[in-house]
file final-v7.txt (compact mmCIF, C-alpha atoms and all ligand atoms)
# COMPACT_ATOMS: atom_id res chain seq x y z
CA MET A 26 0.00 0.00 0.00
CA SER A 27 1.38 3.43 -0.82
CA LEU A 28 0.53 6.38 1.34
CA ASP A 29 2.08 9.80 1.10
CA VAL A 30 2.24 10.05 4.88
CA ASP A 31 4.41 7.92 7.13
CA ALA A 32 3.29 6.51 10.45
CA ALA A 33 4.17 9.75 12.18
CA GLY A 34 1.80 11.70 9.95
CA PRO A 35 2.75 14.61 7.71
CA SER A 36 4.99 17.22 9.30
CA GLU A 37 2.15 19.77 9.63
CA LEU A 38 0.43 17.39 12.06
CA SER A 39 3.46 16.01 13.83
CA SER A 40 2.80 15.58 17.55
CA PRO A 41 3.03 12.61 19.92
CA LEU A 42 -0.74 12.29 20.24
CA TYR A 43 -1.32 12.36 16.46
CA ARG A 44 1.33 9.68 16.06
CA GLU A 45 -0.43 7.56 18.70
CA ALA A 46 -3.80 8.06 17.00
CA VAL A 47 -2.46 7.03 13.58
CA VAL A 48 -0.56 4.00 14.89
CA GLN A 49 -3.72 2.89 16.73
CA PHE A 50 -5.87 3.45 13.64
CA ASP A 51 -3.46 1.60 11.31
CA ARG A 52 -3.32 -1.40 13.62
CA VAL A 53 -7.09 -1.74 13.61
CA ALA A 54 -7.38 -0.91 9.89
CA ASP A 55 -5.10 -3.90 9.20
CA MET A 56 -7.21 -6.14 11.43
CA ILE A 57 -10.47 -5.27 9.64
CA ASN A 58 -8.87 -5.26 6.16
CA LEU A 59 -9.92 -1.68 5.59
CA ASP A 60 -9.99 -0.55 1.96
CA ASP A 61 -6.69 1.26 1.21
CA ASN A 62 -8.34 4.36 -0.23
CA ILE A 63 -10.61 4.76 2.79
CA ARG A 64 -7.68 4.19 5.11
CA ALA A 65 -5.70 6.95 3.44
CA ARG A 66 -8.64 9.38 3.76
CA LEU A 67 -9.36 8.56 7.40
CA ARG A 68 -5.76 8.98 8.51
CA LEU A 69 -5.95 12.68 7.75
CA PRO A 70 -8.37 15.38 8.88
CA GLN A 71 -10.63 16.70 6.12
CA ARG A 72 -10.47 20.35 7.15
CA SER A 73 -8.01 22.13 9.43
CA LEU A 74 -8.13 25.80 10.27
CA VAL A 75 -5.18 27.52 11.94
CA VAL A 76 -5.66 31.12 13.01
CA THR A 77 -3.60 33.70 14.83
CA PHE A 78 -5.24 36.67 16.46
CA PRO A 79 -4.40 39.58 18.75
CA PHE A 80 -5.22 39.30 22.41
CA ARG A 81 -5.15 42.25 24.78
CA ARG A 82 -4.44 41.59 28.48
CA ASP A 83 -6.24 43.63 31.12
CA ASP A 84 -3.20 45.81 31.83
CA TYR A 85 -3.03 46.69 28.09
CA GLU A 86 0.75 46.99 28.11
CA ALA A 87 1.19 44.46 25.36
CA VAL A 88 -0.87 42.73 22.72
CA ASP A 89 -0.11 39.01 22.41
CA THR A 90 -0.51 37.01 19.24
CA VAL A 91 -2.33 33.78 20.01
CA PHE A 92 -2.73 30.58 17.97
CA GLY A 93 -6.15 28.99 17.59
CA TYR A 94 -7.25 25.80 15.81
CA ARG A 95 -10.39 24.03 14.65
CA VAL A 96 -10.06 20.67 12.93
CA GLN A 97 -12.91 18.72 11.34
CA HIS A 98 -11.80 15.15 10.83
CA LEU A 99 -14.75 13.78 8.86
CA GLN A 100 -17.70 15.32 7.01
CA THR A 101 -19.33 12.02 6.00
CA MET A 102 -21.54 11.34 9.01
CA GLY A 103 -23.31 14.69 9.47
CA PRO A 104 -22.13 17.89 11.12
CA THR A 105 -18.88 17.64 13.05
CA LYS A 106 -18.74 17.69 16.84
CA GLY A 107 -16.09 18.11 19.49
CA GLY A 108 -14.78 20.29 22.28
CA ILE A 109 -12.48 23.29 22.43
CA ARG A 110 -9.49 23.19 24.75
CA TYR A 111 -7.50 26.07 26.16
CA ALA A 112 -4.00 24.86 27.04
CA PRO A 113 -0.49 26.37 26.85
CA ASP A 114 0.91 23.59 24.65
CA VAL A 115 -2.01 22.77 22.36
CA ASN A 116 -0.98 22.37 18.70
CA LEU A 117 -2.44 21.37 15.35
CA GLY A 118 -1.33 17.74 15.62
CA GLU A 119 -2.90 17.30 19.04
CA VAL A 120 -6.18 18.87 17.90
CA ALA A 121 -6.18 16.70 14.74
CA ALA A 122 -5.62 13.55 16.82
CA LEU A 123 -8.45 14.48 19.20
CA ALA A 124 -10.74 15.23 16.23
CA MET A 125 -10.01 11.74 14.87
CA LEU A 126 -10.83 10.21 18.28
CA MET A 127 -14.13 12.14 18.27
CA THR A 128 -15.01 10.49 14.94
CA TRP A 129 -14.55 7.01 16.37
CA LYS A 130 -16.34 7.98 19.60
CA CYS A 131 -19.44 9.37 17.86
CA SER A 132 -19.50 6.45 15.45
CA LEU A 133 -19.17 3.86 18.21
CA VAL A 134 -22.13 5.17 20.20
CA GLY A 135 -24.16 5.84 17.05
CA LEU A 136 -24.36 9.64 17.03
CA PRO A 137 -24.92 11.38 13.67
CA PHE A 138 -21.67 13.36 13.79
CA GLY A 139 -18.14 13.31 12.45
CA GLY A 140 -15.34 14.29 14.82
CA ALA A 141 -13.91 17.76 15.37
CA LYS A 142 -11.78 19.51 17.97
CA GLY A 143 -10.63 23.05 18.62
CA GLY A 144 -7.96 24.66 20.70
CA VAL A 145 -6.39 27.94 21.76
CA ARG A 146 -2.74 27.92 22.79
CA ILE A 147 -2.88 29.77 26.09
CA ASP A 148 -2.74 29.03 29.81
CA PRO A 149 -6.36 29.61 30.95
CA THR A 150 -5.48 29.42 34.65
CA VAL A 151 -3.81 32.84 34.65
CA LEU A 152 -6.54 34.68 32.72
CA SER A 153 -8.99 37.05 34.41
CA ARG A 154 -12.68 36.62 33.61
CA SER A 155 -12.64 39.55 31.18
CA GLU A 156 -9.48 38.28 29.50
CA LYS A 157 -11.07 34.88 29.00
CA GLN A 158 -14.20 36.51 27.61
CA ARG A 159 -12.23 38.67 25.12
CA LEU A 160 -10.16 35.68 24.04
CA THR A 161 -13.26 33.51 23.53
CA ARG A 162 -15.17 36.12 21.55
CA ARG A 163 -12.22 36.82 19.25
CA TYR A 164 -11.49 33.10 18.72
CA THR A 165 -15.18 32.57 17.91
CA MET A 166 -15.00 35.33 15.29
CA GLU A 167 -11.92 33.72 13.74
CA ILE A 168 -13.72 30.39 13.28
CA ILE A 169 -17.26 31.73 12.73
CA ASN A 170 -17.58 30.64 9.09
CA PHE A 171 -16.40 27.16 10.00
CA ILE A 172 -19.01 26.42 12.72
CA GLY A 173 -22.82 26.35 12.90
CA PRO A 174 -25.66 24.07 14.05
CA ASP A 175 -25.60 22.08 10.81
CA LYS A 176 -21.85 22.43 10.19
CA ASP A 177 -19.73 22.00 13.28
CA ILE A 178 -20.86 22.22 16.91
CA PRO A 179 -18.22 22.96 19.59
CA ALA A 180 -18.45 22.01 23.27
CA PRO A 181 -16.27 22.26 26.39
CA ASP A 182 -13.00 20.37 26.75
CA MET A 183 -9.92 20.90 28.94
CA GLY A 184 -9.68 24.49 30.20
CA THR A 185 -13.12 25.59 28.94
CA ASP A 186 -16.51 25.50 30.63
CA GLU A 187 -20.18 26.47 30.44
CA GLN A 188 -19.37 30.18 30.61
CA VAL A 189 -16.96 29.96 27.68
CA MET A 190 -19.69 28.17 25.68
CA ALA A 191 -22.16 30.93 26.62
CA TRP A 192 -19.79 33.62 25.27
CA LEU A 193 -19.26 31.58 22.11
CA MET A 194 -23.02 31.21 21.61
CA ASP A 195 -23.59 34.92 22.28
CA THR A 196 -20.86 36.01 19.85
CA TYR A 197 -22.14 33.71 17.11
CA SER A 198 -25.77 34.75 17.67
CA THR A 199 -24.93 38.45 17.70
CA HIS A 200 -23.15 38.14 14.38
CA ILE A 201 -25.81 36.18 12.56
CA GLY A 202 -28.55 38.44 13.93
CA HIS A 203 -30.63 35.98 15.92
CA THR A 204 -30.22 33.63 18.89
CA GLU A 205 -28.82 30.27 17.83
CA PRO A 206 -28.42 27.96 20.87
CA ALA A 207 -27.70 24.86 18.75
CA VAL A 208 -24.32 26.24 17.61
CA VAL A 209 -22.66 24.95 20.77
CA THR A 210 -23.34 22.41 23.53
CA GLY A 211 -22.34 22.40 27.17
CA LYS A 212 -24.00 25.82 27.64
CA PRO A 213 -25.71 26.89 30.87
CA PRO A 214 -29.32 25.59 30.99
CA SER A 215 -30.58 29.21 31.14
CA ILE A 216 -29.64 29.68 27.46
CA GLY A 217 -30.61 26.29 26.07
CA GLY A 218 -28.06 24.04 27.72
CA SER A 219 -29.17 20.57 28.71
CA ILE A 220 -29.82 19.50 32.27
CA ALA A 221 -27.25 16.89 33.32
CA ARG A 222 -24.69 17.85 30.62
CA ARG A 223 -22.19 19.04 33.22
CA GLU A 224 -22.16 15.68 35.04
CA ALA A 225 -22.62 13.57 31.90
CA THR A 226 -19.05 12.41 31.26
CA GLY A 227 -18.34 11.38 34.86
CA ARG A 228 -21.76 9.82 35.39
CA GLY A 229 -21.67 8.00 32.07
CA LEU A 230 -18.23 6.64 32.89
CA MET A 231 -19.36 5.21 36.20
CA SER A 232 -22.57 3.79 34.73
CA LEU A 233 -20.30 1.26 32.97
CA LEU A 234 -18.73 0.00 36.20
CA PRO A 235 -21.38 -2.59 37.20
CA THR A 236 -20.94 -4.47 33.90
CA ILE A 237 -17.17 -4.15 34.04
CA ALA A 238 -17.12 -5.33 37.66
CA SER A 239 -19.30 -8.36 36.93
CA HIS A 240 -17.04 -9.17 33.95
CA LEU A 241 -14.13 -9.21 36.40
CA SER A 242 -16.15 -11.01 39.13
CA MET A 243 -15.52 -8.07 41.41
CA PRO A 244 -18.08 -6.32 43.64
CA VAL A 245 -18.89 -2.65 42.93
CA ALA A 246 -19.67 -1.74 46.53
CA GLY A 247 -16.49 -1.33 48.50
CA SER A 248 -14.21 -1.35 45.44
CA ARG A 249 -11.29 1.03 45.80
CA VAL A 250 -11.17 3.79 43.19
CA VAL A 251 -8.32 6.18 42.34
CA VAL A 252 -9.11 9.33 40.36
CA GLN A 253 -6.53 11.40 38.49
CA GLY A 254 -7.99 14.86 37.86
CA PHE A 255 -10.75 16.60 39.76
CA GLY A 256 -12.18 18.74 36.99
CA LYS A 257 -15.39 18.39 34.99
CA VAL A 258 -14.87 14.65 34.49
CA GLY A 259 -13.03 13.40 37.59
CA ARG A 260 -15.15 15.27 40.09
CA TYR A 261 -18.48 13.89 38.86
CA ALA A 262 -17.02 10.43 38.32
CA ALA A 263 -15.77 10.45 41.93
CA LEU A 264 -19.18 11.59 43.13
CA ALA A 265 -20.96 8.87 41.14
CA ALA A 266 -18.45 6.29 42.41
CA SER A 267 -19.10 7.16 46.03
CA GLU A 268 -22.88 7.16 45.42
CA MET A 269 -22.49 3.61 44.09
CA GLY A 270 -20.77 2.55 47.30
CA CYS A 271 -17.18 2.56 46.01
CA LYS A 272 -14.40 3.95 48.17
CA VAL A 273 -12.55 6.78 46.43
CA ILE A 274 -9.17 6.42 48.12
CA ALA A 275 -7.01 8.89 46.19
CA VAL A 276 -7.57 12.00 44.09
CA SER A 277 -5.18 14.37 42.34
CA ASP A 278 -5.27 17.62 40.40
CA ILE A 279 -2.68 20.18 39.30
CA THR A 280 -2.10 21.28 42.90
CA GLY A 281 -1.17 17.80 44.20
CA ALA A 282 -2.55 14.45 45.29
CA VAL A 283 -4.34 13.28 48.45
CA HIS A 284 -4.89 9.81 49.84
CA ASN A 285 -7.29 8.34 52.41
CA ASP A 286 -7.66 4.56 52.69
CA ALA A 287 -11.06 4.90 54.36
CA GLY A 288 -12.45 6.69 51.28
CA PHE A 289 -13.25 10.38 50.78
CA ASP A 290 -16.48 12.24 51.40
CA ILE A 291 -16.58 13.63 47.84
CA ASP A 292 -19.07 16.42 48.57
CA ASP A 293 -16.80 17.67 51.35
CA LEU A 294 -13.70 17.39 49.12
CA ALA A 295 -15.52 19.26 46.33
CA ARG A 296 -16.41 22.07 48.75
CA PHE A 297 -12.77 22.28 49.84
CA VAL A 298 -11.59 22.39 46.21
CA ALA A 299 -14.10 25.14 45.36
CA GLU A 300 -12.75 27.28 48.23
CA ASN A 301 -9.05 26.47 47.87
CA ARG A 302 -8.71 25.97 44.09
CA GLY A 303 -7.27 22.48 44.49
CA VAL A 304 -7.03 19.30 46.56
CA ASN A 305 -3.71 20.27 48.11
CA GLY A 306 -4.02 20.82 51.86
CA TYR A 307 -7.27 18.87 52.30
CA ARG A 308 -7.32 17.97 55.97
CA HIS A 309 -8.99 14.54 55.95
CA ALA A 310 -6.16 12.98 53.96
CA ASP A 311 -2.48 12.20 53.66
CA GLU A 312 -0.46 13.98 51.05
CA LEU A 313 0.71 11.77 48.21
CA ASP A 314 3.34 12.22 45.52
CA PRO A 315 1.20 12.71 42.35
CA ALA A 316 3.65 10.49 40.46
CA GLU A 317 2.64 7.59 42.73
CA LEU A 318 -1.09 8.02 42.29
CA LEU A 319 -1.42 5.89 39.16
CA THR A 320 0.44 2.96 40.69
CA LEU A 321 -1.43 2.87 44.02
CA ASP A 322 -2.97 -0.41 45.09
CA CYS A 323 -6.64 -0.12 43.99
CA ASP A 324 -9.38 -1.88 42.01
CA VAL A 325 -10.37 0.82 39.53
CA LEU A 326 -8.23 3.61 38.11
CA LEU A 327 -9.84 6.64 36.47
CA PRO A 328 -7.36 8.77 34.53
CA ALA A 329 -9.45 11.91 34.05
CA ALA A 330 -6.87 14.61 33.46
CA VAL A 331 -4.54 14.93 30.45
CA GLY A 332 -3.35 12.65 27.64
CA GLY A 333 -0.28 10.41 27.59
CA VAL A 334 0.02 9.75 31.35
CA ILE A 335 -0.03 5.92 31.30
CA THR A 336 3.09 4.84 29.47
CA GLY A 337 5.19 1.76 28.79
CA GLU A 338 7.27 2.88 31.77
CA ASN A 339 4.58 3.06 34.51
CA ALA A 340 2.07 0.53 33.06
CA PRO A 341 3.85 -2.56 34.49
CA ARG A 342 3.53 -1.05 37.99
CA ILE A 343 -0.20 -0.30 37.74
CA LYS A 344 -2.15 -2.50 40.16
CA ALA A 345 -5.76 -1.62 39.22
CA ARG A 346 -7.85 -4.40 37.71
CA ALA A 347 -9.79 -2.00 35.49
CA ILE A 348 -8.93 1.38 33.98
CA LEU A 349 -11.82 3.61 32.87
CA GLU A 350 -10.47 6.39 30.67
CA GLY A 351 -12.13 9.69 31.52
CA ALA A 352 -9.47 11.72 29.70
CA ASN A 353 -8.87 11.55 25.97
CA GLY A 354 -5.77 9.54 25.05
CA PRO A 355 -4.41 8.89 28.58
CA THR A 356 -2.84 5.53 27.62
CA THR A 357 -0.03 5.18 25.09
CA ALA A 358 0.17 2.28 22.62
CA ALA A 359 3.17 0.90 24.57
CA ALA A 360 1.10 0.80 27.77
CA ASP A 361 -1.78 -0.89 25.94
CA GLU A 362 0.66 -3.60 24.93
CA VAL A 363 1.51 -4.17 28.61
CA PHE A 364 -2.18 -4.39 29.56
CA ARG A 365 -2.92 -6.83 26.74
CA GLU A 366 -0.20 -9.04 28.26
CA ASN A 367 -1.13 -8.75 31.94
CA GLY A 368 -4.91 -8.65 31.55
CA VAL A 369 -5.71 -5.25 33.07
CA LEU A 370 -9.09 -4.34 31.57
CA VAL A 371 -8.95 -0.92 29.87
CA VAL A 372 -12.28 0.69 28.97
CA PRO A 373 -11.07 3.03 26.22
CA ASP A 374 -11.74 6.78 26.10
CA ILE A 375 -13.96 6.57 23.01
CA LEU A 376 -16.36 4.44 25.03
CA ALA A 377 -15.73 5.39 28.66
CA ASN A 378 -15.97 9.16 28.23
CA ALA A 379 -18.59 9.18 25.46
CA GLY A 380 -21.25 10.30 27.97
CA GLY A 381 -20.20 13.91 27.42
CA VAL A 382 -20.79 13.99 23.69
CA THR A 383 -23.90 11.82 24.06
CA VAL A 384 -25.61 14.40 26.27
CA SER A 385 -24.21 17.08 23.93
CA TYR A 386 -26.14 15.32 21.19
CA PHE A 387 -29.26 15.42 23.38
CA GLU A 388 -28.65 19.13 23.97
CA TRP A 389 -28.34 19.82 20.23
CA VAL A 390 -31.54 17.85 19.48
CA GLN A 391 -33.41 19.71 22.24
CA ASP A 392 -32.19 23.08 20.92
CA LEU A 393 -33.22 22.26 17.35
CA GLN A 394 -36.67 21.15 18.50
CA ASN A 395 -37.11 23.83 21.17
CA TYR A 396 -38.39 21.05 23.39
CA PHE A 397 -36.55 20.18 26.58
CA TRP A 398 -36.42 16.81 28.28
CA SER A 399 -36.52 15.91 31.97
CA GLU A 400 -33.41 14.91 33.87
CA ALA A 401 -34.79 11.38 34.34
CA GLU A 402 -35.22 10.99 30.55
CA ILE A 403 -31.73 12.26 29.85
CA VAL A 404 -30.03 10.05 32.43
CA ALA A 405 -31.98 6.95 31.33
CA ARG A 406 -31.17 7.49 27.63
CA LEU A 407 -27.51 8.18 28.44
CA ARG A 408 -27.19 4.94 30.40
CA GLU A 409 -28.96 2.99 27.71
CA ILE A 410 -26.74 4.27 24.88
CA LEU A 411 -23.47 3.78 26.76
CA ASN A 412 -24.32 0.38 28.15
CA ARG A 413 -25.50 -0.85 24.77
CA ALA A 414 -22.18 0.27 23.26
CA LEU A 415 -20.30 -1.45 26.11
CA SER A 416 -22.07 -4.75 25.62
CA GLU A 417 -21.47 -4.61 21.85
CA VAL A 418 -17.80 -3.91 22.48
CA LEU A 419 -17.51 -6.72 25.04
CA ASP A 420 -19.14 -9.14 22.57
CA MET A 421 -16.81 -8.05 19.79
CA ALA A 422 -13.77 -8.36 22.07
CA ILE A 423 -14.73 -11.90 23.03
CA GLN A 424 -15.55 -12.87 19.45
CA LYS A 425 -12.27 -11.50 18.06
CA GLY A 426 -10.12 -12.29 21.08
CA THR A 427 -9.01 -8.67 21.45
CA ASP A 428 -8.89 -5.99 24.12
CA LEU A 429 -11.72 -3.47 24.46
CA ARG A 430 -9.90 -0.58 22.75
CA THR A 431 -9.29 -2.67 19.66
CA ALA A 432 -12.90 -3.89 19.64
CA ALA A 433 -14.26 -0.35 20.13
CA LEU A 434 -12.10 1.00 17.31
CA MET A 435 -13.12 -1.89 15.06
CA LYS A 436 -16.76 -0.99 15.52
CA GLY A 437 -16.24 2.78 15.25
CA ILE A 438 -14.05 2.60 12.15
CA ARG A 439 -16.25 -0.02 10.44
CA ARG A 440 -19.39 2.13 10.67
CA VAL A 441 -17.57 5.12 9.17
CA ALA A 442 -16.06 2.99 6.41
CA ASP A 443 -19.49 1.57 5.55
CA ALA A 444 -20.91 5.10 5.32
CA LYS A 445 -18.04 6.22 3.08
CA LEU A 446 -18.52 3.24 0.77
CA ALA A 447 -22.28 3.82 0.62
CA ARG A 448 -21.90 7.50 -0.23
CA GLY A 449 -19.21 6.89 -2.88
CA MET A 450 -16.95 9.58 -4.25
CA TYR A 451 -17.60 12.99 -5.78
CA PRO A 452 -16.96 13.58 -8.66
N1 LIG A 501 -14.86 17.40 24.89
C1 LIG A 501 -15.71 16.27 25.08
C2 LIG A 501 -15.10 15.02 24.46
O1 LIG A 501 -13.92 14.96 24.25
C3 LIG A 501 -17.14 16.53 24.64
C4 LIG A 501 -17.32 16.86 23.20
C5 LIG A 501 -18.73 17.30 22.86
O2 LIG A 501 -19.58 17.27 23.74
O3 LIG A 501 -18.94 17.67 21.70
O4 LIG A 501 -15.75 14.05 24.23
call {"tool": "encode", "arguments": {"input": "final-v7.txt", "output": "structure tokens"}}
result
Amino acid sequence: MSLDVDAAGPSELSSPLYREAVVQFDRVADMINLDDNIRARLRLPQRSLVVTFPFRRDDYEAVDTVFGYRVQHLQTMGPTKGGIRYAPDVNLGEVAALAMLMTWKCSLVGLPFGGAKGGVRIDPTVLSRSEKQRLTRRYTMEIINFIGPDKDIPAPDMGTDEQVMAWLMDTYSTHIGHTEPAVVTGKPPSIGGSIARREATGRGLMSLLPTIASHLSMPVAGSRVVVQGFGKVGRYAALAASEMGCKVIAVSDITGAVHNDAGFDIDDLARFVAENRGVNGYRHADELDPAELLTLDCDVLLPAAVGGVITGENAPRIKARAILEGANGPTTAAADEVFRENGVLVVPDILANAGGVTVSYFEWVQDLQNYFWSEAEIVARLREILNRALSEVLDMAIQKGTDLRTAALMKGIRRVADAKLARGMYP
């Protein structure tokens, strides 16, 4: 097969995460005998927009030039969908890799979207509220022709939240001359956001645990859970875990890591974090070296922070029986190899954290119909969609003798390939 890109991807997209995404895709493409032409198309994003724009700090002494990105991996399945991250090291390759992962994620759970992702290269933690608002409005203007309710629908990701989505929606609406809630999901409910969107990723993740636990002949109640990251995903996953009777014994965030063998009171920890901007210093706990968190003795590990944290180096020391990936891309291909050998069950990101985009889909549907559902309906439909996907993936894994990531990718990629073949080529 001849491709004009090597395994590392073309130089424009070169980044460790893009390399991981392509290696992972190629491996599965080989296993399902994917048509060479379709493989070549799916390895690359269909549309990538790179912008630079001026950004004025509050003190107005200098104007910075900031990079922004929006990548749409695949147009075939419907509009594109995916979050926007604000991070100091975000780059085109990382955004392209995450857009590709969104394609497989939406396809796996059966949503009518292709994958997209956006990013702004900036450290959001040092921005004032007005700086963040100016940055968001200007970034929105830079990508305004690229997005829309039937084109590409952003959502929150690392470093962005409901308020950022509200500013994006307001900027877009102001410019087109009428209110358009369906341009973005993860908004506050007061402007057309969905109830239960904020908790969706963490709740969805934990709704998979009973099936995973029974697969491993392990009880849910009393199981010891370790959570890396206490943001939008980790916090609600930890809360759901403790509501299910698990013991959350260690939690970390950018300020540090804390450990308590008896299990945390998550509501109390969340209150502390809200007041102190981090877990560091929480009194009902021992301090822990964050580097040791992933290798603590536990039953379930939830990486819910950044990508690339579980590597070939630390994977052999991980003691959890199951890993539920709240973050996107937390496990490298080398670590996956270790887990395939030693039998640690990894529920991959495209399945485990798909609750976020699933409730985003509900939000978009509700906005388009101007008809809003009850929380009970949303939670029930979320559970049903995720658990159906999990049981299909478990069946496929057993049938093909593979791990869950491979099975999930097989299903996600197959559905996209079928759609591409059915649509054919223009001209
Ligand atoms: N950023 C989330 C993800 O990676 C949600 C995307 C969305 O809701 O569109 O899945």
call {"tool": "atom_distance", "arguments": {"input": "final-v7.txt", "atom1": "atom CA of A:Thr356", "atom2": "atom CA of A:Gly281"}}
result
20.7 Å
call {"tool": "closest_residue", "arguments": {"input": "final-v7.txt", "among": "A:Leu376, A:Leu393, A:Ala345, A:Leu74", "to": "ligand LIG 501 (chain A)", "atoms": "only C-alpha atoms and all ligand atoms"}}
result
A:Leu376
call {"tool": "atom_distance", "arguments": {"input": "final-v7.txt", "atom1": "atom CA of A:Glu388", "atom2": "atom CA of A:Ile216"}}
result
11.2 Å
call {"tool": "residues_near_ligand", "arguments": {"input": "final-v7.txt", "ligand": "ligand LIG 501 (chain A)", "cutoff": "6 Å", "atoms": "only C-alpha atoms and all ligand atoms", "output": "PyMOL selection string"}}
result
chain A and resi 106-108+179-182+379+381-382+385
call {"tool": "write_last_selection", "arguments": {"input": "final-v7.txt", "atoms": "C-alpha atoms", "output": "mmCIF file, in the coordinates of the input"}}
result
data_model
loop_
_atom_site.group_PDB
_atom_site.id
_atom_site.type_symbol
_atom_site.label_atom_id
_atom_site.label_comp_id
_atom_site.auth_asym_id
_atom_site.auth_seq_id
_atom_site.Cartn_x
_atom_site.Cartn_y
_atom_site.Cartn_z
ATOM 1 C CA LYS A 106 -18.740 17.690 16.840
ATOM 2 C CA GLY A 107 -16.090 18.110 19.490
ATOM 3 C CA GLY A 108 -14.780 20.290 22.280
ATOM 4 C CA PRO A 179 -18.220 22.960 19.590
ATOM 5 C CA ALA A 180 -18.450 22.010 23.270
ATOM 6 C CA PRO A 181 -16.270 22.260 26.390
ATOM 7 C CA ASP A 182 -13.000 20.370 26.750
ATOM 8 C CA ALA A 379 -18.590 9.180 25.460
ATOM 9 C CA GLY A 381 -20.200 13.910 27.420
ATOM 10 C CA VAL A 382 -20.790 13.990 23.690
ATOM 11 C CA SER A 385 -24.210 17.080 23.930
#
call {"tool": "atom_distance", "arguments": {"input": "final-v7.txt", "atom1": "atom CA of A:Arg365", "atom2": "atom CA of A:Arg346"}}
result
12.3 Å
call {"tool": "residues_around", "arguments": {"input": "final-v7.txt", "residues": "stretch 266-271 of chain A", "least_positions_apart": "2", "cutoff": "9 Å", "atoms": "all atoms listed in the file", "output": "mmCIF file with C-alpha atoms, in the frame of the given file"}}
result
data_model
loop_
_atom_site.group_PDB
_atom_site.id
_atom_site.type_symbol
_atom_site.label_atom_id
_atom_site.label_comp_id
_atom_site.auth_asym_id
_atom_site.auth_seq_id
_atom_site.Cartn_x
_atom_site.Cartn_y
_atom_site.Cartn_z
ATOM 1 C CA ARG A 228 -21.760 9.820 35.390
ATOM 2 C CA MET A 231 -19.360 5.210 36.200
ATOM 3 C CA LEU A 234 -18.730 0.000 36.200
ATOM 4 C CA VAL A 245 -18.890 -2.650 42.930
ATOM 5 C CA ALA A 246 -19.670 -1.740 46.530
ATOM 6 C CA GLY A 247 -16.490 -1.330 48.500
ATOM 7 C CA SER A 248 -14.210 -1.350 45.440
ATOM 8 C CA ARG A 249 -11.290 1.030 45.800
ATOM 9 C CA VAL A 250 -11.170 3.790 43.190
ATOM 10 C CA TYR A 261 -18.480 13.890 38.860
ATOM 11 C CA ALA A 262 -17.020 10.430 38.320
ATOM 12 C CA ALA A 263 -15.770 10.450 41.930
ATOM 13 C CA LEU A 264 -19.180 11.590 43.130
ATOM 14 C CA VAL A 273 -12.550 6.780 46.430
ATOM 15 C CA GLY A 288 -12.450 6.690 51.280
ATOM 16 C CA PHE A 289 -13.250 10.380 50.780
ATOM 17 C CA ASP A 290 -16.480 12.240 51.400
ATOM 18 C CA ILE A 291 -16.580 13.630 47.840
#
call {"tool": "closest_atom_pairs", "arguments": {"input": "final-v7.txt", "of": "stretch 330-447 of chain A", "to": "stretch 192-208 of chain A", "cutoff": "10 Å", "atoms": "all atoms listed in the file", "output": "Markdown table"}}
result
| residue | atom | partner | partner_atom | distance |
| --- | --- | --- | --- | --- |
| A:Ser385 | CA | A:Ala207 | CA | 10.0 |
| A:Tyr386 | CA | A:Ala207 | CA | 10.0 |
| A:Glu388 | CA | A:Ala207 | CA | 7.8 |
| A:Trp389 | CA | A:Ala207 | CA | 5.3 |
| A:Val390 | CA | A:Ala207 | CA | 8.0 |
| A:Gln391 | CA | A:Ala207 | CA | 8.4 |
| A:Asp392 | CA | A:Ala207 | CA | 5.3 |
| A:Leu393 | CA | A:Ala207 | CA | 6.3 |
| A:Gln394 | CA | A:Ala207 | CA | 9.7 |
| A:Asn395 | CA | A:Pro206 | CA | 9.6 |
call {"tool": "residues_around", "arguments": {"input": "final-v7.txt", "residues": "A:Val151", "least_positions_apart": "5", "cutoff": "12 Å", "atoms": "only C-alpha atoms", "output": "list in words"}}
result
Arg82, Asp83, Tyr111, Ala112, Pro113, Glu156, Lys157 and Gly184 of chain A
call {"tool": "closest_residue", "arguments": {"input": "final-v7.txt", "among": "A:Ala444, A:Ala358, A:Val251, A:Ala352", "to": "A:Asp322", "atoms": "all atoms listed in the file"}}
result
A:Val251
call {"tool": "residues_around", "arguments": {"input": "final-v7.txt", "residues": "stretch 49-62 of chain A", "least_positions_apart": "6", "cutoff": "10 Å", "atoms": "all atoms listed in the file", "output": "JSON, numbers by chain"}}
result
{"A": [26, 27, 28, 32, 43, 68, 125, 126, 129, 357, 358, 425, 430, 431, 432, 433, 434, 435, 436, 438, 439, 442, 446]}
call {"tool": "closest_residue", "arguments": {"input": "final-v7.txt", "among": "A:Pro79, A:Gly354, A:Gly332, A:Gly256", "to": "A:Arg302", "atoms": "all atoms listed in the file"}}
result
A:Gly256
call {"tool": "closest_residue", "arguments": {"input": "final-v7.txt", "among": "A:Val48, A:Lys257, A:Arg66, A:Asp314", "to": "A:Thr280", "atoms": "all atoms listed in the file"}}
result
A:Asp314
call {"tool": "closest_residue", "arguments": {"input": "final-v7.txt", "among": "A:Cys131, A:Val369, A:Ala359, A:Ala238", "to": "A:Ala414", "atoms": "only C-alpha atoms"}}
result
A:Cys131
call {"tool": "closest_residue", "arguments": {"input": "final-v7.txt", "among": "A:Lys212, A:Arg146, A:Lys272, A:His284", "to": "A:Thr90", "atoms": "all atoms listed in the file"}}
result
A:Arg146
call {"tool": "residues_near_point", "arguments": {"input": "final-v7.txt", "point": "(-0.3, -3.4, 41.7)", "cutoff": "10 Å", "atoms": "all atoms listed in the file", "output": "JSON, numbers by chain"}}
result
{"A": [319, 320, 321, 322, 323, 324, 340, 341, 342, 343, 344, 345, 346]}
